[in-house]
>>> print(open('target-v9.txt').read())   # compact mmCIF, C-alpha atoms and all ligand atoms
# COMPACT_ATOMS: atom_id res chain seq x y z
CA MET E 1 160.42 125.16 114.78
CA ASN E 2 157.56 124.23 117.14
CA ILE E 3 155.53 126.92 118.87
CA ILE E 4 152.56 127.27 121.19
CA LEU E 5 150.08 130.11 120.78
CA LEU E 6 148.80 130.83 124.27
CA GLY E 7 145.98 133.17 125.18
CA PRO E 8 142.36 133.35 126.32
CA PRO E 9 139.42 132.45 124.04
CA GLY E 10 139.06 135.05 121.32
CA ALA E 11 142.69 136.18 121.50
CA GLY E 12 143.11 135.38 117.81
CA LYS E 13 145.20 132.23 118.08
CA GLY E 14 143.44 130.50 115.17
CA THR E 15 143.74 133.54 112.89
CA GLN E 16 147.46 133.87 113.54
CA ALA E 17 148.04 130.12 113.24
CA ARG E 18 146.44 130.10 109.77
CA LYS E 19 148.75 132.93 108.67
CA LEU E 20 151.80 131.00 109.87
CA VAL E 21 150.63 127.96 107.93
CA GLU E 22 150.40 130.03 104.74
CA GLU E 23 153.60 131.97 105.24
CA ARG E 24 155.91 129.40 106.78
CA GLY E 25 154.52 126.01 105.82
CA MET E 26 154.02 125.13 109.46
CA ILE E 27 151.37 122.63 110.55
CA GLN E 28 148.51 123.95 112.70
CA LEU E 29 147.36 121.58 115.42
CA SER E 30 144.18 123.00 116.89
CA THR E 31 142.58 120.75 119.49
CA GLY E 32 139.44 122.94 119.27
CA ASP E 33 139.14 122.24 115.52
CA MET E 34 139.87 118.53 116.05
CA LEU E 35 137.21 118.28 118.74
CA ARG E 36 134.64 120.20 116.66
CA GLU E 37 135.35 117.84 113.76
CA ALA E 38 134.82 114.83 116.03
CA LYS E 39 131.62 116.45 117.27
CA SER E 40 130.15 116.96 113.81
CA SER E 41 131.23 113.57 112.49
CA GLY E 42 129.27 111.91 115.29
CA THR E 43 132.03 109.58 116.49
CA GLU E 44 131.71 108.10 119.97
CA MET E 45 134.35 110.52 121.25
CA GLY E 46 132.60 113.44 119.50
CA ASN E 47 129.29 112.65 121.17
CA LYS E 48 131.02 112.31 124.51
CA VAL E 49 132.65 115.76 124.36
CA ALA E 50 129.83 117.73 122.68
CA ALA E 51 128.00 118.85 125.83
CA VAL E 52 131.24 119.66 127.65
CA MET E 53 132.45 121.87 124.80
CA ASP E 54 129.13 123.65 124.29
CA ALA E 55 129.07 124.54 127.99
CA GLY E 56 132.57 126.01 127.68
CA GLU E 57 134.27 123.51 129.98
CA LEU E 58 137.52 121.68 129.25
CA VAL E 59 137.52 118.21 127.72
CA THR E 60 139.57 115.61 129.65
CA ASP E 61 143.36 115.71 129.35
CA GLU E 62 143.35 112.08 128.22
CA ILE E 63 141.26 112.82 125.12
CA VAL E 64 143.15 115.90 123.91
CA ILE E 65 146.59 114.42 124.62
CA GLY E 66 145.53 111.38 122.57
CA LEU E 67 144.51 113.62 119.66
CA ILE E 68 147.84 115.45 119.68
CA GLU E 69 149.82 112.24 120.05
CA GLU E 70 148.27 110.88 116.83
CA LYS E 71 149.17 114.02 114.86
CA LEU E 72 152.79 114.01 116.00
CA GLU E 73 153.23 110.61 114.35
CA GLY E 74 152.73 112.15 110.89
CA ASP E 75 154.57 114.68 108.75
CA HIS E 76 156.44 117.38 110.70
CA GLY E 77 156.54 119.89 107.79
CA GLY E 78 157.90 123.29 108.80
CA GLY E 79 157.15 122.54 112.45
CA PHE E 80 154.01 122.57 114.55
CA ILE E 81 151.86 125.41 115.81
CA PHE E 82 149.96 124.27 118.88
CA ASP E 83 146.74 126.29 118.98
CA GLY E 84 144.51 125.76 122.00
CA PHE E 85 146.83 123.10 123.40
CA PRO E 86 148.16 122.68 126.06
CA ARG E 87 145.44 124.09 128.28
CA THR E 88 146.41 122.47 131.61
CA LEU E 89 149.70 121.77 133.36
CA ALA E 90 149.21 118.03 132.78
CA GLN E 91 148.84 118.69 129.04
CA ALA E 92 151.98 120.85 129.07
CA ASP E 93 153.99 118.08 130.71
CA ALA E 94 152.62 115.53 128.25
CA LEU E 95 153.53 117.75 125.28
CA GLY E 96 157.10 118.13 126.51
CA ASP E 97 157.40 114.34 126.80
CA LEU E 98 155.86 113.70 123.38
CA LEU E 99 158.13 116.20 121.64
CA SER E 100 161.26 114.81 123.23
CA LYS E 101 160.14 111.29 122.28
CA HIS E 102 160.13 112.55 118.67
CA GLY E 103 163.58 114.08 119.09
CA THR E 104 162.33 117.65 119.01
CA ALA E 105 161.37 120.46 121.40
CA LEU E 106 159.51 123.75 121.70
CA THR E 107 161.08 126.80 120.08
CA ALA E 108 158.88 129.40 121.79
CA VAL E 109 155.61 129.92 123.61
CA ILE E 110 153.89 133.01 122.29
CA ALA E 111 151.59 134.60 124.85
CA MET E 112 149.04 136.91 123.25
CA GLU E 113 148.29 139.94 125.36
CA VAL E 114 144.63 141.05 125.21
CA ASN E 115 141.96 142.40 127.57
CA ASP E 116 138.68 140.74 128.55
CA ASP E 117 136.33 143.41 127.13
CA ALA E 118 137.90 143.01 123.70
CA LEU E 119 137.49 139.24 123.96
CA VAL E 120 133.78 139.37 124.72
CA GLU E 121 133.18 141.79 121.86
CA ARG E 122 135.18 139.70 119.39
CA ILE E 123 133.65 136.39 120.28
CA THR E 124 130.01 137.38 120.34
CA ALA E 125 130.50 139.07 116.93
CA ARG E 126 132.36 136.30 115.12
CA SER E 127 131.34 133.81 112.44
CA THR E 128 133.15 131.72 109.83
CA CYS E 129 132.53 130.45 106.31
CA GLY E 130 131.30 126.86 106.59
CA ASN E 131 133.10 125.99 103.37
CA CYS E 132 136.59 127.51 103.56
CA GLY E 133 136.88 128.67 107.19
CA GLU E 134 137.37 132.38 106.39
CA GLY E 135 136.63 134.38 109.55
CA TYR E 136 134.15 137.28 109.79
CA ASN E 137 133.24 139.79 112.47
CA ASP E 138 129.92 141.68 112.64
CA ILE E 139 131.74 144.89 113.51
CA SER E 140 135.17 144.84 111.87
CA LYS E 141 134.64 142.48 108.92
CA PRO E 142 130.95 141.85 108.23
CA ILE E 143 129.61 139.14 105.93
CA PRO E 144 129.08 140.80 102.50
CA ALA E 145 125.56 142.05 101.68
CA ASP E 146 125.23 139.45 98.89
CA GLN E 147 125.87 136.72 101.53
CA LYS E 148 128.80 135.28 99.58
CA CYS E 149 132.15 134.45 101.18
CA ILE E 150 134.89 136.83 99.96
CA LYS E 151 137.31 133.94 99.65
CA CYS E 152 135.33 131.06 98.15
CA GLY E 153 131.88 132.45 97.25
CA ALA E 154 129.93 129.97 99.39
CA SER E 155 126.86 131.19 101.31
CA ASP E 156 127.03 128.97 104.36
CA PHE E 157 128.11 130.90 107.45
CA LYS E 158 128.46 129.39 110.91
CA ARG E 159 128.56 130.58 114.48
CA ARG E 160 130.06 128.32 117.13
CA ALA E 161 127.67 126.76 119.62
CA ASP E 162 129.91 127.95 122.47
CA ASP E 163 130.18 131.56 121.23
CA ASN E 164 127.36 132.78 123.47
CA GLU E 165 127.66 134.84 126.62
CA ASP E 166 127.09 132.04 129.17
CA SER E 167 129.58 129.59 127.65
CA LEU E 168 132.02 132.41 127.13
CA ARG E 169 131.96 133.29 130.82
CA THR E 170 132.74 129.64 131.63
CA ARG E 171 135.51 129.52 128.99
CA LEU E 172 137.17 132.62 130.43
CA MET E 173 136.97 131.19 133.96
CA GLU E 174 138.44 127.88 132.76
CA TYR E 175 141.23 129.84 131.10
CA TYR E 176 142.14 131.79 134.24
CA LYS E 177 141.88 128.77 136.55
CA LYS E 178 143.51 126.04 134.47
CA THR E 179 145.40 127.55 131.52
CA SER E 180 146.89 130.82 132.77
CA PRO E 181 149.24 128.91 135.18
CA LEU E 182 151.03 127.82 131.99
CA LEU E 183 152.35 131.38 131.70
CA GLY E 184 154.38 130.81 134.86
CA TYR E 185 155.34 127.31 133.81
CA TYR E 186 156.80 128.40 130.46
CA HIS E 187 158.29 131.57 131.93
CA ALA E 188 160.25 129.37 134.34
CA LYS E 189 161.45 127.23 131.44
CA GLY E 190 162.60 130.37 129.59
CA ASP E 191 160.28 129.80 126.61
CA LEU E 192 157.70 132.55 127.14
CA LYS E 193 157.47 135.54 124.75
CA TRP E 194 154.74 138.18 125.05
CA VAL E 195 153.23 139.66 121.90
CA PRO E 196 150.59 142.45 121.84
CA GLY E 197 147.39 140.77 120.62
CA LEU E 198 144.96 143.66 120.31
CA GLY E 199 146.09 145.38 117.11
CA GLU E 200 145.23 144.71 113.48
CA ILE E 201 145.76 141.11 112.33
CA ALA E 202 148.86 142.13 110.35
CA ASP E 203 150.38 143.99 113.31
CA VAL E 204 149.90 141.04 115.62
CA ALA E 205 151.44 138.80 112.94
CA ALA E 206 154.43 141.16 112.70
CA GLY E 207 154.93 140.84 116.47
CA ILE E 208 154.89 137.06 116.22
CA ASN E 209 157.27 137.01 113.25
CA LYS E 210 159.68 139.23 115.15
CA VAL E 211 159.84 136.65 117.93
CA LEU E 212 160.23 133.73 115.50
CA ASP E 213 163.01 135.42 113.53
CA ALA E 214 164.93 136.54 116.63
P1 LIG V 1 138.65 129.05 122.18
O1 LIG V 1 140.13 129.17 122.42
O2 LIG V 1 138.13 130.13 121.30
O3 LIG V 1 137.84 128.88 123.42
P2 LIG V 1 138.95 126.39 120.94
O4 LIG V 1 138.43 126.20 119.59
O5 LIG V 1 140.42 126.32 121.13
O6 LIG V 1 138.33 127.75 121.38
O7 LIG V 1 138.29 125.32 121.94
C1 LIG V 1 136.90 125.13 122.02
C2 LIG V 1 136.55 124.14 123.14
O8 LIG V 1 137.16 122.86 122.87
C3 LIG V 1 137.07 124.50 124.52
O9 LIG V 1 136.22 125.39 125.20
C4 LIG V 1 137.12 123.11 125.20
O10 LIG V 1 135.83 122.65 125.54
C5 LIG V 1 137.62 122.23 124.08
N1 LIG V 1 139.11 122.15 124.03
C6 LIG V 1 139.92 122.60 123.03
N2 LIG V 1 141.22 122.37 123.30
C7 LIG V 1 141.23 121.77 124.52
C8 LIG V 1 142.27 121.29 125.38
N3 LIG V 1 143.57 121.40 125.03
N4 LIG V 1 141.93 120.72 126.57
C9 LIG V 1 140.65 120.61 126.93
N5 LIG V 1 139.62 121.05 126.18
C10 LIG V 1 139.89 121.62 124.99
ZN ZN V 2 134.54 130.68 102.18
>>> encode(input="target-v9.txt", output="structure tokens", more="lines below")
Ligand code: ADP
Ligand code: ZN
Amino acid sequence: MNIILLGPPGAGKGTQARKLVEERGMIQLSTGDMLREAKSSGTEMGNKVAAVMDAGELVTDEIVIGLIEEKLEGDHGGGFIFDGFPRTLAQADALGDLLSKHGTALTAVIAMEVNDDALVERITARSTCGNCGEGYNDISKPIPADQKCIKCGASDFKRRADDNEDSLRTRLMEYYKKTSPLLGYYHAKGDLKWVPGLGEIADVAAGINKVLDA
């Protein structure tokens, strides 16, 4: 089973992808995480994309398609969850070609339904544990008073460089201009499934599981 999680920044794609990894043994392929890793490891590619990402703009198709192509060569596990990829029509075409080259295909494209006000609130409030990746939210799930991660106990919390209001405005605009056309693209292919994305994490997960088990 191979799925795409599609939705604007802050829709909760990463959170849901991590649940699917735990519950179904699927493999999460997040181009955002891959690019952030490249950025912090100081590779040539990382340095090249850093400013683009921090401003909230999209990295070139060539770079992200290359990243995904490498990962598809490895273990297929319980299938792939594409999180934050594809983000343009060219990336969507490339993904279709790559999957068919590996003798596989998409099972479903899950579109997460949210509204913009909720996105802004979520993103400007969010942080993660620098050690284990556990997510926090200033309003709904604050960092404990003793400053220790509830999952691993580390005290190193991070906020993303692009989780500020200016970059967020650019990211939303990029989403509507370049990524939202994928909704029509996958609808036409018959792969698109809408899931309500605004509820509790467990409720959103239940919506996704319903689609996957159908
Ligand atoms: P979010 O969905 O919350 O905006 P991501 O972690 O998926 O965050 O992506 C962060 C940034 O990484 C994007 O704003 C963009 O600069 C870059 N990026 C990630 N995936 C892609 C992609 N498929 N194509 C182009 N740029 C990407
Ligand atoms: Zn932690």
>>> residues_around(input="target-v9.txt", residues="E:Val52", least_positions_apart="4", cutoff="12 Å", atoms="only C-alpha atoms", output="PDB file with C-alpha atoms, keeping the file's coordinate frame")
ATOM      1  CA  LEU E  35     137.210 118.280 118.740  1.00  0.00           C
ATOM      2  CA  ARG E  36     134.640 120.200 116.660  1.00  0.00           C
ATOM      3  CA  LYS E  39     131.620 116.450 117.270  1.00  0.00           C
ATOM      4  CA  MET E  45     134.350 110.520 121.250  1.00  0.00           C
ATOM      5  CA  GLY E  46     132.600 113.440 119.500  1.00  0.00           C
ATOM      6  CA  ASN E  47     129.290 112.650 121.170  1.00  0.00           C
ATOM      7  CA  LYS E  48     131.020 112.310 124.510  1.00  0.00           C
ATOM      8  CA  GLY E  56     132.570 126.010 127.680  1.00  0.00           C
ATOM      9  CA  GLU E  57     134.270 123.510 129.980  1.00  0.00           C
ATOM     10  CA  LEU E  58     137.520 121.680 129.250  1.00  0.00           C
ATOM     11  CA  VAL E  59     137.520 118.210 127.720  1.00  0.00           C
ATOM     12  CA  THR E  60     139.570 115.610 129.650  1.00  0.00           C
ATOM     13  CA  ALA E 161     127.670 126.760 119.620  1.00  0.00           C
ATOM     14  CA  ASP E 162     129.910 127.950 122.470  1.00  0.00           C
ATOM     15  CA  SER E 167     129.580 129.590 127.650  1.00  0.00           C
ATOM     16  CA  THR E 170     132.740 129.640 131.630  1.00  0.00           C
ATOM     17  CA  ARG E 171     135.510 129.520 128.990  1.00  0.00           C
TER      18      ARG E 171
END
>>> closest_residue(input="target-v9.txt", among="E:Gly135, E:Gly25, E:Pro86, E:Gly79", to="ligand LIG 1 (chain V)", atoms="all atoms listed in the file")
E:Pro86
>>> atom_distance(input="target-v9.txt", atom1="atom CA of E:Ala11", atom2="atom CA of E:Ser30")
14.0 Å
>>> residues_near_ligand(input="target-v9.txt", ligand="ligand LIG 1 (chain V)", cutoff="10 Å", atoms="only C-alpha atoms and all ligand atoms", output="mmCIF file with C-alpha atoms, in the coordinates of the input")
data_model
loop_
_atom_site.group_PDB
_atom_site.id
_atom_site.type_symbol
_atom_site.label_atom_id
_atom_site.label_comp_id
_atom_site.auth_asym_id
_atom_site.auth_seq_id
_atom_site.Cartn_x
_atom_site.Cartn_y
_atom_site.Cartn_z
ATOM 1 C CA LEU E 6 148.800 130.830 124.270
ATOM 2 C CA GLY E 7 145.980 133.170 125.180
ATOM 3 C CA PRO E 8 142.360 133.350 126.320
ATOM 4 C CA PRO E 9 139.420 132.450 124.040
ATOM 5 C CA GLY E 10 139.060 135.050 121.320
ATOM 6 C CA ALA E 11 142.690 136.180 121.500
ATOM 7 C CA GLY E 12 143.110 135.380 117.810
ATOM 8 C CA LYS E 13 145.200 132.230 118.080
ATOM 9 C CA GLY E 14 143.440 130.500 115.170
ATOM 10 C CA SER E 30 144.180 123.000 116.890
ATOM 11 C CA THR E 31 142.580 120.750 119.490
ATOM 12 C CA GLY E 32 139.440 122.940 119.270
ATOM 13 C CA ASP E 33 139.140 122.240 115.520
ATOM 14 C CA MET E 34 139.870 118.530 116.050
ATOM 15 C CA LEU E 35 137.210 118.280 118.740
ATOM 16 C CA ARG E 36 134.640 120.200 116.660
ATOM 17 C CA VAL E 49 132.650 115.760 124.360
ATOM 18 C CA ALA E 50 129.830 117.730 122.680
ATOM 19 C CA ALA E 51 128.000 118.850 125.830
ATOM 20 C CA VAL E 52 131.240 119.660 127.650
ATOM 21 C CA MET E 53 132.450 121.870 124.800
ATOM 22 C CA ASP E 54 129.130 123.650 124.290
ATOM 23 C CA ALA E 55 129.070 124.540 127.990
ATOM 24 C CA GLY E 56 132.570 126.010 127.680
ATOM 25 C CA GLU E 57 134.270 123.510 129.980
ATOM 26 C CA LEU E 58 137.520 121.680 129.250
ATOM 27 C CA VAL E 59 137.520 118.210 127.720
ATOM 28 C CA THR E 60 139.570 115.610 129.650
ATOM 29 C CA ASP E 61 143.360 115.710 129.350
ATOM 30 C CA GLU E 62 143.350 112.080 128.220
ATOM 31 C CA ILE E 63 141.260 112.820 125.120
ATOM 32 C CA VAL E 64 143.150 115.900 123.910
ATOM 33 C CA ILE E 65 146.590 114.420 124.620
ATOM 34 C CA LEU E 67 144.510 113.620 119.660
ATOM 35 C CA ILE E 68 147.840 115.450 119.680
ATOM 36 C CA PHE E 82 149.960 124.270 118.880
ATOM 37 C CA ASP E 83 146.740 126.290 118.980
ATOM 38 C CA GLY E 84 144.510 125.760 122.000
ATOM 39 C CA PHE E 85 146.830 123.100 123.400
ATOM 40 C CA PRO E 86 148.160 122.680 126.060
ATOM 41 C CA ARG E 87 145.440 124.090 128.280
ATOM 42 C CA THR E 88 146.410 122.470 131.610
ATOM 43 C CA ALA E 90 149.210 118.030 132.780
ATOM 44 C CA GLN E 91 148.840 118.690 129.040
ATOM 45 C CA ALA E 92 151.980 120.850 129.070
ATOM 46 C CA LEU E 119 137.490 139.240 123.960
ATOM 47 C CA ILE E 123 133.650 136.390 120.280
ATOM 48 C CA ARG E 160 130.060 128.320 117.130
ATOM 49 C CA ALA E 161 127.670 126.760 119.620
ATOM 50 C CA ASP E 162 129.910 127.950 122.470
ATOM 51 C CA ASP E 163 130.180 131.560 121.230
ATOM 52 C CA SER E 167 129.580 129.590 127.650
ATOM 53 C CA LEU E 168 132.020 132.410 127.130
ATOM 54 C CA THR E 170 132.740 129.640 131.630
ATOM 55 C CA ARG E 171 135.510 129.520 128.990
ATOM 56 C CA LEU E 172 137.170 132.620 130.430
ATOM 57 C CA GLU E 174 138.440 127.880 132.760
ATOM 58 C CA TYR E 175 141.230 129.840 131.100
ATOM 59 C CA LYS E 178 143.510 126.040 134.470
ATOM 60 C CA THR E 179 145.400 127.550 131.520
#
>>> closest_atom_pairs(input="target-v9.txt", of="chain E", to="ligand ZN 2 (chain V)", cutoff="7 Å", atoms="all atoms listed in the file", output="CSV")
residue,atom,partner,partner_atom,distance
E:Cys129,CA,V:ZN2,ZN,4.6
E:Gly130,CA,V:ZN2,ZN,6.7
E:Asn131,CA,V:ZN2,ZN,5.0
E:Cys132,CA,V:ZN2,ZN,4.0
E:Gly133,CA,V:ZN2,ZN,5.9
E:Glu134,CA,V:ZN2,ZN,5.4
E:Cys149,CA,V:ZN2,ZN,4.6
E:Ile150,CA,V:ZN2,ZN,6.5
E:Lys151,CA,V:ZN2,ZN,5.0
E:Cys152,CA,V:ZN2,ZN,4.1
E:Gly153,CA,V:ZN2,ZN,5.9
E:Ala154,CA,V:ZN2,ZN,5.4
>>> write_last_selection(input="target-v9.txt", atoms="C-alpha atoms", output="short mmCIF file (atom, residue, chain, number, x, y, z; two decimals), keeping the file's coordinate frame")
data_model
loop_
_atom_site.label_atom_id
_atom_site.label_comp_id
_atom_site.auth_asym_id
_atom_site.auth_seq_id
_atom_site.Cartn_x
_atom_site.Cartn_y
_atom_site.Cartn_z
CA CYS E 129 132.53 130.45 106.31
CA GLY E 130 131.30 126.86 106.59
CA ASN E 131 133.10 125.99 103.37
CA CYS E 132 136.59 127.51 103.56
CA GLY E 133 136.88 128.67 107.19
CA GLU E 134 137.37 132.38 106.39
CA CYS E 149 132.15 134.45 101.18
CA ILE E 150 134.89 136.83 99.96
CA LYS E 151 137.31 133.94 99.65
CA CYS E 152 135.33 131.06 98.15
CA GLY E 153 131.88 132.45 97.25
CA ALA E 154 129.93 129.97 99.39
#
>>> residues_near_point(input="target-v9.txt", point="(151.3, 125.4, 111.1)", cutoff="10 Å", atoms="all atoms listed in the file", output="MDAnalysis selection string")
chainID E and resid 1:3 16:30 76:83
>>> write_last_selection(input="target-v9.txt", atoms="C-alpha atoms", output="PDB file, in the frame of the given file")
ATOM      1  CA  MET E   1     160.420 125.160 114.780  1.00  0.00           C
ATOM      2  CA  ASN E   2     157.560 124.230 117.140  1.00  0.00           C
ATOM      3  CA  ILE E   3     155.530 126.920 118.870  1.00  0.00           C
ATOM      4  CA  GLN E  16     147.460 133.870 113.540  1.00  0.00           C
ATOM      5  CA  ALA E  17     148.040 130.120 113.240  1.00  0.00           C
ATOM      6  CA  ARG E  18     146.440 130.100 109.770  1.00  0.00           C
ATOM      7  CA  LYS E  19     148.750 132.930 108.670  1.00  0.00           C
ATOM      8  CA  LEU E  20     151.800 131.000 109.870  1.00  0.00           C
ATOM      9  CA  VAL E  21     150.630 127.960 107.930  1.00  0.00           C
ATOM     10  CA  GLU E  22     150.400 130.030 104.740  1.00  0.00           C
ATOM     11  CA  GLU E  23     153.600 131.970 105.240  1.00  0.00           C
ATOM     12  CA  ARG E  24     155.910 129.400 106.780  1.00  0.00           C
ATOM     13  CA  GLY E  25     154.520 126.010 105.820  1.00  0.00           C
ATOM     14  CA  MET E  26     154.020 125.130 109.460  1.00  0.00           C
ATOM     15  CA  ILE E  27     151.370 122.630 110.550  1.00  0.00           C
ATOM     16  CA  GLN E  28     148.510 123.950 112.700  1.00  0.00           C
ATOM     17  CA  LEU E  29     147.360 121.580 115.420  1.00  0.00           C
ATOM     18  CA  SER E  30     144.180 123.000 116.890  1.00  0.00           C
ATOM     19  CA  HIS E  76     156.440 117.380 110.700  1.00  0.00           C
ATOM     20  CA  GLY E  77     156.540 119.890 107.790  1.00  0.00           C
ATOM     21  CA  GLY E  78     157.900 123.290 108.800  1.00  0.00           C
ATOM     22  CA  GLY E  79     157.150 122.540 112.450  1.00  0.00           C
ATOM     23  CA  PHE E  80     154.010 122.570 114.550  1.00  0.00           C
ATOM     24  CA  ILE E  81     151.860 125.410 115.810  1.00  0.00           C
ATOM     25  CA  PHE E  82     149.960 124.270 118.880  1.00  0.00           C
ATOM     26  CA  ASP E  83     146.740 126.290 118.980  1.00  0.00           C
TER      27      ASP E  83
END
>>> residues_around(input="target-v9.txt", residues="stretch 186-193 of chain E", least_positions_apart="2", cutoff="9 Å", atoms="all atoms listed in the file", output="PDB file with C-alpha atoms, in the frame of the given file")
ATOM      1  CA  LEU E 106     159.510 123.750 121.700  1.00  0.00           C
ATOM      2  CA  THR E 107     161.080 126.800 120.080  1.00  0.00           C
ATOM      3  CA  ALA E 108     158.880 129.400 121.790  1.00  0.00           C
ATOM      4  CA  VAL E 109     155.610 129.920 123.610  1.00  0.00           C
ATOM      5  CA  ILE E 110     153.890 133.010 122.290  1.00  0.00           C
ATOM      6  CA  ALA E 111     151.590 134.600 124.850  1.00  0.00           C
ATOM      7  CA  MET E 112     149.040 136.910 123.250  1.00  0.00           C
ATOM      8  CA  PRO E 181     149.240 128.910 135.180  1.00  0.00           C
ATOM      9  CA  LEU E 182     151.030 127.820 131.990  1.00  0.00           C
ATOM     10  CA  LEU E 183     152.350 131.380 131.700  1.00  0.00           C
ATOM     11  CA  GLY E 184     154.380 130.810 134.860  1.00  0.00           C
ATOM     12  CA  VAL E 195     153.230 139.660 121.900  1.00  0.00           C
ATOM     13  CA  VAL E 211     159.840 136.650 117.930  1.00  0.00           C
TER      14      VAL E 211
END
>>> closest_residue(input="target-v9.txt", among="E:Leu72, E:Ala38, E:Leu198, E:Ala125", to="E:Asp97", atoms="all atoms listed in the file")
E:Leu72
>>> atom_distance(input="target-v9.txt", atom1="atom CA of E:Leu98", atom2="atom CA of E:Ala206")
29.5 Å
>>> decode(input="target-v9.txt", residues="stretch 54-60 of chain E", atoms="all heavy atoms", output="tab-separated table (two decimals), in the first residue's frame")
chain	number	residue	atom	x	y	z
E	54	ASP	N	13.73	28.45	4.21
E	54	ASP	CA	13.43	29.38	5.31
E	54	ASP	C	12.46	30.47	4.87
E	54	ASP	O	11.68	30.97	5.67
E	54	ASP	CB	14.72	29.98	5.88
E	54	ASP	CG	15.53	28.93	6.64
E	54	ASP	OD1	15.00	27.82	6.86
E	54	ASP	OD2	16.68	29.23	7.02
E	55	ALA	N	12.51	30.82	3.58
E	55	ALA	CA	11.59	31.84	3.06
E	55	ALA	C	10.20	31.25	2.81
E	55	ALA	O	9.25	31.98	2.59
E	55	ALA	CB	12.14	32.43	1.78
E	56	GLY	N	10.09	29.92	2.81
E	56	GLY	CA	8.79	29.30	2.60
E	56	GLY	C	8.50	28.96	1.15
E	56	GLY	O	7.39	28.59	0.80
E	57	GLU	N	9.52	29.12	0.28
E	57	GLU	CA	9.31	28.80	-1.13
E	57	GLU	C	9.61	27.32	-1.39
E	57	GLU	O	10.21	26.65	-0.57
E	57	GLU	CB	10.23	29.67	-2.00
E	57	GLU	CG	9.78	31.12	-2.03
E	57	GLU	CD	10.90	32.07	-2.41
E	57	GLU	OE1	11.90	31.61	-2.98
E	57	GLU	OE2	10.76	33.27	-2.10
E	58	LEU	N	9.22	26.85	-2.59
E	58	LEU	CA	9.47	25.45	-2.92
E	58	LEU	C	10.87	25.26	-3.48
E	58	LEU	O	11.36	26.07	-4.26
E	58	LEU	CB	8.46	24.94	-3.95
E	58	LEU	CG	7.00	24.81	-3.52
E	58	LEU	CD1	6.19	24.10	-4.61
E	58	LEU	CD2	6.87	24.07	-2.20
E	59	VAL	N	11.49	24.17	-3.07
E	59	VAL	CA	12.78	23.74	-3.61
E	59	VAL	C	12.52	23.21	-5.02
E	59	VAL	O	11.39	22.82	-5.35
E	59	VAL	CB	13.33	22.65	-2.65
E	59	VAL	CG1	14.54	21.96	-3.23
E	59	VAL	CG2	13.64	23.25	-1.29
E	60	THR	N	13.56	23.16	-5.87
E	60	THR	CA	13.33	22.73	-7.26
E	60	THR	C	12.83	21.28	-7.34
E	60	THR	O	13.21	20.43	-6.52
E	60	THR	CB	14.62	22.80	-8.11
E	60	THR	OG1	15.57	21.90	-7.55
E	60	THR	CG2	15.20	24.20	-8.13
